[in-house]
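Peer 1: One structure, pasted below without further comment.
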Amino acid sequence: MERPEREVALYIHIPFCRARCSYCDFNTYAGLEHLIPAYVEALSAEIRAAPPVRPRTLYFGGGTPSVLTLDQLTRLFQALRSSFPIPEDIEATLEANPGTVTLSYLQGLRELGVNRLSLGVQSAHRDELRLLGRTYIWEEAVEAMRDARAAGLDNVSLDFIYGIPGQSLARWRETLEAALTLEPEHLSLYALSVEAGTPLEAWIAGGELPAPDEDLMAEMYELAEEMLADAGYLHYELSNWAKLPPRPEGGESEPGMLSPFVCRHNLIYWRNESYLGLGAGAASWWGGKRWVNISHPAAYIARLKSGHSPAGEAEVIPPRLEMGEMMMMGLRLMEGVSDARFRARFGVGLEETFGQELARLRQLGLVEWDGQVVRLTSRGRLLGNQVFQQFLPEALDGCD
C-alpha cells in the first residue's frame, strides 16, 4: 500500500533584503542580490527533492520575498506545483515591504496564485521607520495597499512594531489609527525585542537609545486590544488580530465563529502541527523530529549544486518537551489548549501532565482552567513568557 502524504504547512524562505533592519536577527542578508538567480535554481532543486507531503498552506517569508522578480517567482511556483498536490483554494501568503511592489507586480502575484499579502509596515512615522532601518515612508505603504486592492487582493495583513525607543503612547495610537484607515483584513502587532548582535542592541548598550520601557509597552498592548476590538477585529493570538465578518442583518454573529482572515498558516505553527521549511535556514518539524537547513545562501546554493541535502542533523524531540512546546505555542492562542486535543495527541490529559503548574498559574491569576480548556487571562497575556517557561522540562524538573 502506498504511504499517504503527510499534511503540512509549507514554508519557503527567501533570505534577501535591500537593507538590514536595525532590530532584525532573522536569517536575512543585504547586498547579496547577485546570488538570487542561483538561489532560485537551488531552491527549485530542493523543492523537487522534497519528501511527499500535502500542503495545507503555502507561505513565502524572509527576508523580503518581493525582491524576487515575477519570472523568478514563476519558476518557484512551477516547481511547487509539479512537486506537490497544491489545492486551488490553498491560503498562499507572500511577505512584502512597501516600496518593493507595484500594481503590475501585485497583479502578477495574484495570477501566480498568491491570495494573501503580508506587508511589513512597522510604523506610520518617518523617524521611527528610519530608526528601525526601514527604507520606505508611510505614503508608500498607503500606495502598496491601494495597489493590492486594485490587483484583486482581498486578504492583506499589516505588521507593526510597538515599544520603539522614543515612541510615546500617543504616537502608537496615531500609528494604529493610520493602520485602521487602510482597513486591512489582518494586523500583526509585535513588541520590539532587542536581539543580541543587532545594531539596536549596540545603540542601547552604548547609551545612544533608551531600553524599551516594559510598563509603557504593556499600556501600548492594552491600547491596541481596546482600539482593535472597537474596530471589529478578533484578537485570536497574542500578537495577531483578524477582521470579523459583518454580523447577519438583524441578528448576532454565530457564537465562537472565527474570522475567515485568521492566518491559517501560522495557526498550524501555534497548534504545534507539522510543517516543512524549504530554503536557506528554513526549519521543519514532524514525526517527533525537527531540523533546520544550512543558513547562508551561498553555502545553501553550493550544497544543492553538489547534489546534497541542505538539511542539518535532525533533532529528536522527547515527548515531554513536545508536550511543553504544545502548551507554550497553544497558550498564545485565545482558544487556548484543550484537554481533548492534548489527550488525542499524547494519550494523557492536561491535569495528569501539568496539574501542579496549572493550579499554581491559576492561583496567580495568569490562566483560566476549567478542566477542559486552559487559556491565558488578560494578565497572563501581559506576562506570557513567565507562563510559558513553567512548561519547559527544566522548570518541571525543578518541581519534582
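Each chain in the C-alpha cells gets a letter, A, B, ..., in the order shown, and its residues are numbered from 1; ligands are numbered from 1 in order too.
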Just the residues within 12 Å of Leu216 of chain A, please, counting only C-alpha atoms, with nothing from its chain fewer than 3 positions along; format it as an MDAnalysis selection string.
Peer 2: chainID A and resid 162:170 172 191:192 211:213 219:223 382
Peer 1: Next, dump the selected residues to file, keeping only N, CA, C and O atoms, as a PDB file, in the first residue's frame.
Peer 2:
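For reference, again.pdb as written:
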```pdb
ATOM      1  N   TYR A 162       5.652  47.984  18.245  1.00  0.00           N
ATOM      2  CA  TYR A 162       5.496  48.991  19.301  1.00  0.00           C
ATOM      3  C   TYR A 162       6.620  48.826  20.317  1.00  0.00           C
ATOM      4  O   TYR A 162       7.278  47.785  20.390  1.00  0.00           O
ATOM      5  N   GLY A 163       6.844  49.888  21.090  1.00  0.00           N
ATOM      6  CA  GLY A 163       7.966  49.882  22.028  1.00  0.00           C
ATOM      7  C   GLY A 163       9.248  50.403  21.409  1.00  0.00           C
ATOM      8  O   GLY A 163      10.342  50.220  21.953  1.00  0.00           O
ATOM      9  N   ILE A 164       9.144  51.083  20.273  1.00  0.00           N
ATOM     10  CA  ILE A 164      10.306  51.674  19.599  1.00  0.00           C
ATOM     11  C   ILE A 164      10.893  52.762  20.502  1.00  0.00           C
ATOM     12  O   ILE A 164      10.142  53.551  21.085  1.00  0.00           O
ATOM     13  N   PRO A 165      12.215  52.827  20.664  1.00  0.00           N
ATOM     14  CA  PRO A 165      12.800  53.871  21.521  1.00  0.00           C
ATOM     15  C   PRO A 165      12.287  55.262  21.151  1.00  0.00           C
ATOM     16  O   PRO A 165      12.310  55.652  19.975  1.00  0.00           O
ATOM     17  N   GLY A 166      11.797  55.983  22.155  1.00  0.00           N
ATOM     18  CA  GLY A 166      11.269  57.321  21.938  1.00  0.00           C
ATOM     19  C   GLY A 166       9.808  57.364  21.546  1.00  0.00           C
ATOM     20  O   GLY A 166       9.208  58.440  21.474  1.00  0.00           O
ATOM     21  N   GLN A 167       9.201  56.207  21.297  1.00  0.00           N
ATOM     22  CA  GLN A 167       7.802  56.164  20.890  1.00  0.00           C
ATOM     23  C   GLN A 167       6.895  56.376  22.103  1.00  0.00           C
ATOM     24  O   GLN A 167       7.022  55.672  23.103  1.00  0.00           O
ATOM     25  N   SER A 168       6.004  57.318  22.025  1.00  0.00           N
ATOM     26  CA  SER A 168       5.057  57.582  23.105  1.00  0.00           C
ATOM     27  C   SER A 168       3.768  56.811  22.863  1.00  0.00           C
ATOM     28  O   SER A 168       3.519  56.306  21.756  1.00  0.00           O
ATOM     29  N   LEU A 169       2.941  56.748  23.886  1.00  0.00           N
ATOM     30  CA  LEU A 169       1.634  56.103  23.748  1.00  0.00           C
ATOM     31  C   LEU A 169       0.785  56.838  22.711  1.00  0.00           C
ATOM     32  O   LEU A 169       0.072  56.203  21.919  1.00  0.00           O
ATOM     33  N   ALA A 170       0.904  58.169  22.685  1.00  0.00           N
ATOM     34  CA  ALA A 170       0.126  58.957  21.725  1.00  0.00           C
ATOM     35  C   ALA A 170       0.560  58.650  20.287  1.00  0.00           C
ATOM     36  O   ALA A 170      -0.285  58.545  19.388  1.00  0.00           O
ATOM     37  N   TRP A 172       1.918  55.847  19.244  1.00  0.00           N
ATOM     38  CA  TRP A 172       1.451  54.495  18.918  1.00  0.00           C
ATOM     39  C   TRP A 172      -0.028  54.530  18.553  1.00  0.00           C
ATOM     40  O   TRP A 172      -0.455  53.851  17.610  1.00  0.00           O
ATOM     41  N   ALA A 191       5.757  43.506  19.963  1.00  0.00           N
ATOM     42  CA  ALA A 191       6.588  44.283  20.875  1.00  0.00           C
ATOM     43  C   ALA A 191       8.031  44.225  20.392  1.00  0.00           C
ATOM     44  O   ALA A 191       8.533  43.157  20.020  1.00  0.00           O
ATOM     45  N   LEU A 192       8.699  45.374  20.380  1.00  0.00           N
ATOM     46  CA  LEU A 192      10.087  45.416  19.951  1.00  0.00           C
ATOM     47  C   LEU A 192      10.933  44.540  20.869  1.00  0.00           C
ATOM     48  O   LEU A 192      10.893  44.659  22.089  1.00  0.00           O
ATOM     49  N   ALA A 211      16.478  51.846  26.617  1.00  0.00           N
ATOM     50  CA  ALA A 211      15.944  50.482  26.526  1.00  0.00           C
ATOM     51  C   ALA A 211      14.424  50.544  26.501  1.00  0.00           C
ATOM     52  O   ALA A 211      13.823  51.496  27.014  1.00  0.00           O
ATOM     53  N   PRO A 212      13.777  49.556  25.902  1.00  0.00           N
ATOM     54  CA  PRO A 212      12.306  49.544  25.897  1.00  0.00           C
ATOM     55  C   PRO A 212      11.740  49.595  27.312  1.00  0.00           C
ATOM     56  O   PRO A 212      12.268  48.960  28.227  1.00  0.00           O
ATOM     57  N   ASP A 213      10.690  50.361  27.479  1.00  0.00           N
ATOM     58  CA  ASP A 213      10.009  50.523  28.766  1.00  0.00           C
ATOM     59  C   ASP A 213       8.881  49.492  28.830  1.00  0.00           C
ATOM     60  O   ASP A 213       7.874  49.612  28.123  1.00  0.00           O
ATOM     61  N   GLU A 219       1.062  49.178  28.305  1.00  0.00           N
ATOM     62  CA  GLU A 219      -0.004  50.147  28.007  1.00  0.00           C
ATOM     63  C   GLU A 219      -0.304  50.158  26.508  1.00  0.00           C
ATOM     64  O   GLU A 219      -1.470  50.267  26.099  1.00  0.00           O
ATOM     65  N   MET A 220       0.731  50.086  25.687  1.00  0.00           N
ATOM     66  CA  MET A 220       0.545  50.072  24.237  1.00  0.00           C
ATOM     67  C   MET A 220      -0.240  48.836  23.801  1.00  0.00           C
ATOM     68  O   MET A 220      -1.112  48.908  22.925  1.00  0.00           O
ATOM     69  N   TYR A 221       0.070  47.715  24.404  1.00  0.00           N
ATOM     70  CA  TYR A 221      -0.628  46.469  24.084  1.00  0.00           C
ATOM     71  C   TYR A 221      -2.102  46.570  24.454  1.00  0.00           C
ATOM     72  O   TYR A 221      -2.992  46.210  23.668  1.00  0.00           O
ATOM     73  N   GLU A 222      -2.372  47.082  25.640  1.00  0.00           N
ATOM     74  CA  GLU A 222      -3.757  47.209  26.083  1.00  0.00           C
ATOM     75  C   GLU A 222      -4.527  48.213  25.223  1.00  0.00           C
ATOM     76  O   GLU A 222      -5.711  48.014  24.933  1.00  0.00           O
ATOM     77  N   LEU A 223      -3.838  49.274  24.789  1.00  0.00           N
ATOM     78  CA  LEU A 223      -4.479  50.233  23.891  1.00  0.00           C
ATOM     79  C   LEU A 223      -4.852  49.563  22.572  1.00  0.00           C
ATOM     80  O   LEU A 223      -5.954  49.772  22.042  1.00  0.00           O
ATOM     81  N   LEU A 382      -0.121  39.597  29.332  1.00  0.00           N
ATOM     82  CA  LEU A 382       0.967  40.557  29.530  1.00  0.00           C
ATOM     83  C   LEU A 382       2.220  39.894  30.079  1.00  0.00           C
ATOM     84  O   LEU A 382       3.318  40.443  29.951  1.00  0.00           O
TER      85      LEU A 382
END
```
Peer 1: Considering only C-alpha atoms, tabulate each residue of segment 175-291 of chain A that lies at most 9 Å from segment 319-327 of chain A along with its nearest interatomic pair and the corresponding distance in Å to one decimal; arrange the rows by chain and ascending residue number and present them as a tab-separated table.
Peer 2:
```
residue	atom	partner	partner_atom	distance
A:Trp270	CA	A:Met326	CA	7.8
A:Arg271	CA	A:Met326	CA	6.6
A:Asn272	CA	A:Met326	CA	5.6
A:Glu273	CA	A:Met326	CA	8.9
A:Gly288	CA	A:Glu322	CA	7.8
```
Peer 1: So how many Å separate atom CA of Leu200 of chain A and atom CA of Arg20 of chain A, to one decimal?
Peer 2: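 If I compute the distance from atom CA of Leu200 of chain A to atom CA of Arg20 of chain A, I get 11.5 Å.
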Peer 1: What's the 9 Å shell around Glu7 of chain A, counting only C-alpha atoms, without same-chain residues fewer than 4 positions away, as a PyMOL selection string?
Peer 2: chain A and resi 53-56+274-275
Peer 1: Would you return as an MDAnalysis selection string the members of segment 30-275 of chain A that DSSP assigns to alpha helix (DSSP H) on this structure's backbone?
Peer 2: chainID A and resid 36:48 70:83 103:112 126:132 138:150 169:181 199:205 214:230 264:270
